[in-house]
Amino acid sequence: MILVTGATGHVGGELVRRLTAAGEPVRAMTRRPAEARLPEGAEAVHGDADDPASLDAAFAGATGAFLMSAQGVGTAPGPTHDLALAQAAAKAGVRRVVKLSVLDAGTGTDVIARWHTEAESAVTDPSRDWAWTLLRPGRFMSNALQWAGQLRAGDEVAMPFADRPAASIDPADLAEIAARALTSDEHAGATYELSGPQSLTPTEELSVLGKVLGRRLTARPVPAEAARAGMSRYGFPPEVVEAIMQRTVGSDRGAQVLPTVPTLLSRPARTFEDWARAHAGTFTA
């Protein structure tokens, strides 16, 4: 049995579909199992990282686990959700663990790097009796889903960092890599930094999406200082805001096309146009 945490998220949902299609027994953990739309063969189970008893029940009998957390950096003294998930997996005797992390988690000294380094360490701790794999992607192509509301109302999208390129990755590609690591020992002990096959700005991604939808879409850039203020209004701690700004505006690291993904997939990595075609209906429904 493979337990997928974050099973209704962009990566977790793709992973559940891929594993069930391959005939693997899958338990899909979510805080609201009654609302989960899962493929046939997947078992929905309640689990909340703030509720250890629910984690014990969710992980019971699992031999593999995909671990990810949506806990915001800086919302607690440390990555308490990641630590709780790793502890529950260890208690259940899980044999293979794949951890979804972030690009450059193992380097740097900013609050984001420190947070994810601690989260990764809970998985790579030598005392853990399992085979682990770390996945460190940059920006997701699915971030473009944030535009859906604006595009249902019109053809203009207000976007921060509109001209900052990133080599976004399709969550479906991440799911395929995670599935391989969860169903074989081939990737045990590996840490993979991952990107998509091309570097595009959000404005360029919007243009590609417009081509797919057959619409003339325009970007309205949001100034960097307005983006900074917006993150503060949403409750991001100042240290986190500065780290995000530095990673987005002060570094080109996220724009690099990394060579790892093509070596891990059985097909070419998906482009943003591939992703847009697969999700076009989301922007018109």
# chains A, B, ... in the order shown; residues from 1 in each chain; ligands from 1
call {"tool": "closest_atom_pairs", "arguments": {"of": "stretch 57-136 of chain A", "to": "stretch 183-198 of chain A", "cutoff": "7 Å", "atoms": "only C-alpha atoms", "output": "tab-separated table"}}
result
residue	atom	partner	partner_atom	distance
A:Leu103	CA	A:Glu193	CA	6.1
A:Ala131	CA	A:Ala188	CA	5.2
A:Trp132	CA	A:Gly189	CA	5.3
A:Thr133	CA	A:Ala190	CA	5.1
A:Leu134	CA	A:Thr191	CA	4.6
A:Leu135	CA	A:Tyr192	CA	5.1
A:Arg136	CA	A:Glu193	CA	4.6
call {"tool": "write_last_selection", "arguments": {"atoms": "C-alpha atoms", "output": "short mmCIF file (atom, residue, chain, number, x, y, z; two decimals), in the first residue's frame"}}
result
data_model
loop_
_atom_site.label_atom_id
_atom_site.label_comp_id
_atom_site.auth_asym_id
_atom_site.auth_seq_id
_atom_site.Cartn_x
_atom_site.Cartn_y
_atom_site.Cartn_z
CA LEU A 103 14.66 23.87 -5.56
CA ALA A 131 14.86 4.12 1.24
CA TRP A 132 14.32 7.82 0.55
CA THR A 133 14.23 10.04 -2.52
CA LEU A 134 14.11 13.85 -2.52
CA LEU A 135 12.43 15.81 -5.32
CA ARG A 136 13.37 19.50 -5.56
#
call {"tool": "residues_around", "arguments": {"residues": "A:Val241", "least_positions_apart": "4", "cutoff": "8 Å", "atoms": "only C-alpha atoms", "output": "ChimeraX atom specification"}}
result
/A:228,231-232,236-237,245
call {"tool": "select_by_dssp", "arguments": {"residues": "stretch 56-144 of chain A", "states": "alpha helix (DSSP H)", "output": "JSON, numbers by chain"}}
result
{"A": [56, 57, 58, 59, 80, 81, 82, 83, 84, 85, 86, 87, 88, 89, 90, 91, 92, 111, 112, 113, 114, 115, 116, 117, 118, 119, 120, 121, 122, 123, 124]}
call {"tool": "write_last_selection", "arguments": {"atoms": "N, CA and C atoms", "output": "PDB file, in the first residue's frame"}}
result
ATOM      1  N   ASP A  56      -1.537   8.336  12.416  1.00  0.00           N
ATOM      2  CA  ASP A  56      -1.298   6.929  12.737  1.00  0.00           C
ATOM      3  C   ASP A  56      -2.250   6.035  11.951  1.00  0.00           C
ATOM      4  N   ALA A  57      -3.512   6.433  11.884  1.00  0.00           N
ATOM      5  CA  ALA A  57      -4.497   5.633  11.166  1.00  0.00           C
ATOM      6  C   ALA A  57      -4.238   5.664   9.663  1.00  0.00           C
ATOM      7  N   ALA A  58      -3.870   6.832   9.139  1.00  0.00           N
ATOM      8  CA  ALA A  58      -3.651   6.970   7.700  1.00  0.00           C
ATOM      9  C   ALA A  58      -2.442   6.153   7.244  1.00  0.00           C
ATOM     10  N   PHE A  59      -1.379   6.150   8.021  1.00  0.00           N
ATOM     11  CA  PHE A  59      -0.143   5.478   7.629  1.00  0.00           C
ATOM     12  C   PHE A  59      -0.137   3.982   7.938  1.00  0.00           C
ATOM     13  N   THR A  80       6.700  21.854  11.248  1.00  0.00           N
ATOM     14  CA  THR A  80       6.085  20.867  12.142  1.00  0.00           C
ATOM     15  C   THR A  80       5.278  19.823  11.387  1.00  0.00           C
ATOM     16  N   HIS A  81       4.647  20.201  10.284  1.00  0.00           N
ATOM     17  CA  HIS A  81       3.858  19.226   9.527  1.00  0.00           C
ATOM     18  C   HIS A  81       4.753  18.183   8.876  1.00  0.00           C
ATOM     19  N   ASP A  82       5.846  18.626   8.265  1.00  0.00           N
ATOM     20  CA  ASP A  82       6.788  17.675   7.660  1.00  0.00           C
ATOM     21  C   ASP A  82       7.347  16.722   8.710  1.00  0.00           C
ATOM     22  N   LEU A  83       7.676  17.252   9.867  1.00  0.00           N
ATOM     23  CA  LEU A  83       8.239  16.414  10.920  1.00  0.00           C
ATOM     24  C   LEU A  83       7.208  15.396  11.398  1.00  0.00           C
ATOM     25  N   ALA A  84       5.945  15.823  11.509  1.00  0.00           N
ATOM     26  CA  ALA A  84       4.890  14.911  11.956  1.00  0.00           C
ATOM     27  C   ALA A  84       4.652  13.806  10.931  1.00  0.00           C
ATOM     28  N   LEU A  85       4.682  14.143   9.648  1.00  0.00           N
ATOM     29  CA  LEU A  85       4.486  13.137   8.603  1.00  0.00           C
ATOM     30  C   LEU A  85       5.619  12.111   8.615  1.00  0.00           C
ATOM     31  N   ALA A  86       6.849  12.593   8.739  1.00  0.00           N
ATOM     32  CA  ALA A  86       7.988  11.674   8.772  1.00  0.00           C
ATOM     33  C   ALA A  86       7.923  10.761   9.988  1.00  0.00           C
ATOM     34  N   GLN A  87       7.521  11.320  11.121  1.00  0.00           N
ATOM     35  CA  GLN A  87       7.417  10.518  12.338  1.00  0.00           C
ATOM     36  C   GLN A  87       6.344   9.441  12.193  1.00  0.00           C
ATOM     37  N   ALA A  88       5.215   9.807  11.601  1.00  0.00           N
ATOM     38  CA  ALA A  88       4.136   8.826  11.406  1.00  0.00           C
ATOM     39  C   ALA A  88       4.571   7.726  10.446  1.00  0.00           C
ATOM     40  N   ALA A  89       5.307   8.090   9.390  1.00  0.00           N
ATOM     41  CA  ALA A  89       5.788   7.094   8.437  1.00  0.00           C
ATOM     42  C   ALA A  89       6.755   6.126   9.109  1.00  0.00           C
ATOM     43  N   ALA A  90       7.637   6.661   9.944  1.00  0.00           N
ATOM     44  CA  ALA A  90       8.594   5.807  10.656  1.00  0.00           C
ATOM     45  C   ALA A  90       7.870   4.869  11.617  1.00  0.00           C
ATOM     46  N   LYS A  91       6.887   5.401  12.314  1.00  0.00           N
ATOM     47  CA  LYS A  91       6.136   4.596  13.280  1.00  0.00           C
ATOM     48  C   LYS A  91       5.402   3.455  12.589  1.00  0.00           C
ATOM     49  N   ALA A  92       4.953   3.700  11.353  1.00  0.00           N
ATOM     50  CA  ALA A  92       4.196   2.681  10.619  1.00  0.00           C
ATOM     51  C   ALA A  92       5.095   1.660   9.941  1.00  0.00           C
ATOM     52  N   VAL A 111      15.467  31.883   5.015  1.00  0.00           N
ATOM     53  CA  VAL A 111      14.480  31.187   5.832  1.00  0.00           C
ATOM     54  C   VAL A 111      13.851  30.029   5.064  1.00  0.00           C
ATOM     55  N   ILE A 112      13.695  30.168   3.757  1.00  0.00           N
ATOM     56  CA  ILE A 112      13.096  29.097   2.955  1.00  0.00           C
ATOM     57  C   ILE A 112      14.035  27.894   2.921  1.00  0.00           C
ATOM     58  N   ALA A 113      15.336  28.143   2.682  1.00  0.00           N
ATOM     59  CA  ALA A 113      16.314  27.054   2.654  1.00  0.00           C
ATOM     60  C   ALA A 113      16.402  26.364   4.008  1.00  0.00           C
ATOM     61  N   ARG A 114      16.430  27.143   5.086  1.00  0.00           N
ATOM     62  CA  ARG A 114      16.536  26.545   6.421  1.00  0.00           C
ATOM     63  C   ARG A 114      15.322  25.674   6.725  1.00  0.00           C
ATOM     64  N   TRP A 115      14.152  26.165   6.389  1.00  0.00           N
ATOM     65  CA  TRP A 115      12.901  25.437   6.646  1.00  0.00           C
ATOM     66  C   TRP A 115      12.911  24.086   5.935  1.00  0.00           C
ATOM     67  N   HIS A 116      13.229  24.119   4.641  1.00  0.00           N
ATOM     68  CA  HIS A 116      13.157  22.883   3.868  1.00  0.00           C
ATOM     69  C   HIS A 116      14.334  21.951   4.142  1.00  0.00           C
ATOM     70  N   THR A 117      15.466  22.494   4.550  1.00  0.00           N
ATOM     71  CA  THR A 117      16.578  21.639   4.965  1.00  0.00           C
ATOM     72  C   THR A 117      16.187  20.822   6.189  1.00  0.00           C
ATOM     73  N   GLU A 118      15.513  21.463   7.137  1.00  0.00           N
ATOM     74  CA  GLU A 118      15.052  20.742   8.330  1.00  0.00           C
ATOM     75  C   GLU A 118      14.020  19.686   7.953  1.00  0.00           C
ATOM     76  N   ALA A 119      13.113  20.035   7.031  1.00  0.00           N
ATOM     77  CA  ALA A 119      12.085  19.082   6.597  1.00  0.00           C
ATOM     78  C   ALA A 119      12.719  17.879   5.895  1.00  0.00           C
ATOM     79  N   GLU A 120      13.701  18.144   5.041  1.00  0.00           N
ATOM     80  CA  GLU A 120      14.380  17.044   4.350  1.00  0.00           C
ATOM     81  C   GLU A 120      15.139  16.155   5.326  1.00  0.00           C
ATOM     82  N   SER A 121      15.741  16.763   6.326  1.00  0.00           N
ATOM     83  CA  SER A 121      16.540  15.999   7.284  1.00  0.00           C
ATOM     84  C   SER A 121      15.704  14.980   8.042  1.00  0.00           C
ATOM     85  N   ALA A 122      14.416  15.266   8.205  1.00  0.00           N
ATOM     86  CA  ALA A 122      13.539  14.314   8.878  1.00  0.00           C
ATOM     87  C   ALA A 122      13.362  13.043   8.050  1.00  0.00           C
ATOM     88  N   VAL A 123      13.595  13.152   6.753  1.00  0.00           N
ATOM     89  CA  VAL A 123      13.478  12.005   5.853  1.00  0.00           C
ATOM     90  C   VAL A 123      14.821  11.320   5.641  1.00  0.00           C
ATOM     91  N   THR A 124      15.891  12.107   5.536  1.00  0.00           N
ATOM     92  CA  THR A 124      17.211  11.535   5.231  1.00  0.00           C
ATOM     93  C   THR A 124      17.999  11.122   6.471  1.00  0.00           C
TER      94      THR A 124
END
call {"tool": "residues_around", "arguments": {"residues": "A:Val257", "least_positions_apart": "4", "cutoff": "12 Å", "atoms": "only C-alpha atoms", "output": "list in words"}}
result
Pro137, Gly138, Arg139, Pro165, Ala166, Ala167, Ser168, Ile169, Glu193, Leu194, Ser195, Gly196, Pro197, Gln198, Ser199, Leu200, Asp252, Arg253, Val261, Pro262, Ala269 and Thr271 of chain A
call {"tool": "atom_distance", "arguments": {"atom1": "atom CA of A:Val98", "atom2": "atom CA of A:His46"}}
result
20.0 Å
call {"tool": "residues_around", "arguments": {"residues": "A:Glu204", "least_positions_apart": "5", "cutoff": "12 Å", "atoms": "only C-alpha atoms", "output": "list in words"}}
result
Ala144, Met159, Phe161, Ala162, Asp163, Arg164, Pro165, Ala166, Ala167, Ser168, Gln198, Ser199, Leu209, Gly210, Lys211, Leu217, Thr218, Ala219, Phe272 and Glu273 of chain A
call {"tool": "closest_residue", "arguments": {"among": "A:Gly281, A:Pro25, A:Gly106, A:Gly47", "to": "A:Leu182", "atoms": "only C-alpha atoms"}}
result
A:Pro25
call {"tool": "closest_residue", "arguments": {"among": "A:Val249, A:Leu213, A:Ala278, A:Leu174", "to": "A:Phe66", "atoms": "only C-alpha atoms"}}
result
A:Leu174
call {"tool": "atom_distance", "arguments": {"atom1": "atom CA of A:Trp130", "atom2": "atom CA of A:Thr5"}}
result
17.3 Å
call {"tool": "atom_distance", "arguments": {"atom1": "atom CA of A:Ser69", "atom2": "atom CA of A:Gly6"}}
result
6.9 Å
call {"tool": "select_by_dssp", "arguments": {"residues": "stretch 20-79 of chain A", "states": "strand (DSSP E or B)", "output": "list in words"}}
result
Val26, Arg27, Ala28, Met29, Thr30, Ala42, Glu43, Ala44, Val45, His46, Gly64, Ala65, Phe66 and Leu67 of chain A
call {"tool": "closest_residue", "arguments": {"among": "A:Thr201, A:Ala179, A:Ser54, A:Gly61", "to": "A:Gly254", "atoms": "only C-alpha atoms"}}
result
A:Thr201
call {"tool": "residues_around", "arguments": {"residues": "A:Leu264", "least_positions_apart": "2", "cutoff": "9 Å", "atoms": "only C-alpha atoms", "output": "PyMOL selection string"}}
result
chain A and resi 176-177+180+260-262+266-267
call {"tool": "closest_residue", "arguments": {"among": "A:Pro202, A:Pro39, A:Gly108, A:Pro126", "to": "A:Leu145", "atoms": "only C-alpha atoms"}}
result
A:Pro202
call {"tool": "residues_around", "arguments": {"residues": "A:Gly12", "least_positions_apart": "4", "cutoff": "9 Å", "atoms": "only C-alpha atoms", "output": "list in words"}}
result
Val4, Thr5, Gly6, Ala7, Thr8, Val16, Arg17, Ala28, Phe66, Met68, Pro171 and Ala175 of chain A
call {"tool": "write_last_selection", "arguments": {"atoms": "N, CA, C and O atoms", "output": "PDB file, in the first residue's frame"}}
result
ATOM      1  N   VAL A   4      -0.372   8.477  -0.229  1.00  0.00           N
ATOM      2  CA  VAL A   4      -0.053   9.751  -0.869  1.00  0.00           C
ATOM      3  C   VAL A   4      -0.632  10.869  -0.012  1.00  0.00           C
ATOM      4  O   VAL A   4      -1.851  10.989   0.136  1.00  0.00           O
ATOM      5  N   THR A   5       0.230  11.678   0.589  1.00  0.00           N
ATOM      6  CA  THR A   5      -0.256  12.849   1.319  1.00  0.00           C
ATOM      7  C   THR A   5      -0.419  13.987   0.314  1.00  0.00           C
ATOM      8  O   THR A   5       0.149  13.977  -0.767  1.00  0.00           O
ATOM      9  N   GLY A   6      -1.246  14.980   0.684  1.00  0.00           N
ATOM     10  CA  GLY A   6      -1.548  16.035  -0.270  1.00  0.00           C
ATOM     11  C   GLY A   6      -2.203  15.475  -1.518  1.00  0.00           C
ATOM     12  O   GLY A   6      -1.955  15.938  -2.640  1.00  0.00           O
ATOM     13  N   ALA A   7      -3.072  14.480  -1.339  1.00  0.00           N
ATOM     14  CA  ALA A   7      -3.573  13.686  -2.461  1.00  0.00           C
ATOM     15  C   ALA A   7      -4.531  14.435  -3.375  1.00  0.00           C
ATOM     16  O   ALA A   7      -4.821  13.957  -4.476  1.00  0.00           O
ATOM     17  N   THR A   8      -5.036  15.577  -2.944  1.00  0.00           N
ATOM     18  CA  THR A   8      -5.914  16.364  -3.818  1.00  0.00           C
ATOM     19  C   THR A   8      -5.188  17.572  -4.404  1.00  0.00           C
ATOM     20  O   THR A   8      -5.808  18.393  -5.076  1.00  0.00           O
ATOM     21  N   VAL A  16      -1.680   9.999  -7.524  1.00  0.00           N
ATOM     22  CA  VAL A  16      -2.738   9.025  -7.235  1.00  0.00           C
ATOM     23  C   VAL A  16      -3.262   8.419  -8.532  1.00  0.00           C
ATOM     24  O   VAL A  16      -3.433   7.195  -8.646  1.00  0.00           O
ATOM     25  N   ARG A  17      -3.510   9.261  -9.532  1.00  0.00           N
ATOM     26  CA  ARG A  17      -4.015   8.753 -10.814  1.00  0.00           C
ATOM     27  C   ARG A  17      -3.003   7.818 -11.477  1.00  0.00           C
ATOM     28  O   ARG A  17      -3.385   6.770 -12.020  1.00  0.00           O
ATOM     29  N   ALA A  28      -5.208   7.628  -0.359  1.00  0.00           N
ATOM     30  CA  ALA A  28      -5.094   9.059  -0.630  1.00  0.00           C
ATOM     31  C   ALA A  28      -5.473   9.848   0.619  1.00  0.00           C
ATOM     32  O   ALA A  28      -6.638   9.856   1.024  1.00  0.00           O
ATOM     33  N   PHE A  66       4.390   9.073  -0.082  1.00  0.00           N
ATOM     34  CA  PHE A  66       4.762  10.327  -0.718  1.00  0.00           C
ATOM     35  C   PHE A  66       4.442  11.427   0.278  1.00  0.00           C
ATOM     36  O   PHE A  66       3.289  11.592   0.693  1.00  0.00           O
ATOM     37  N   MET A  68       4.414  15.400   1.420  1.00  0.00           N
ATOM     38  CA  MET A  68       4.484  16.812   1.075  1.00  0.00           C
ATOM     39  C   MET A  68       3.617  17.579   2.064  1.00  0.00           C
ATOM     40  O   MET A  68       2.706  17.028   2.661  1.00  0.00           O
ATOM     41  N   PRO A 171       3.369  19.285 -13.032  1.00  0.00           N
ATOM     42  CA  PRO A 171       3.206  18.352 -11.915  1.00  0.00           C
ATOM     43  C   PRO A 171       3.071  16.894 -12.359  1.00  0.00           C
ATOM     44  O   PRO A 171       3.438  15.990 -11.604  1.00  0.00           O
ATOM     45  N   ALA A 175       4.957  13.681 -10.835  1.00  0.00           N
ATOM     46  CA  ALA A 175       4.235  12.490 -10.383  1.00  0.00           C
ATOM     47  C   ALA A 175       4.824  11.225 -10.984  1.00  0.00           C
ATOM     48  O   ALA A 175       4.921  10.190 -10.308  1.00  0.00           O
TER      49      ALA A 175
END
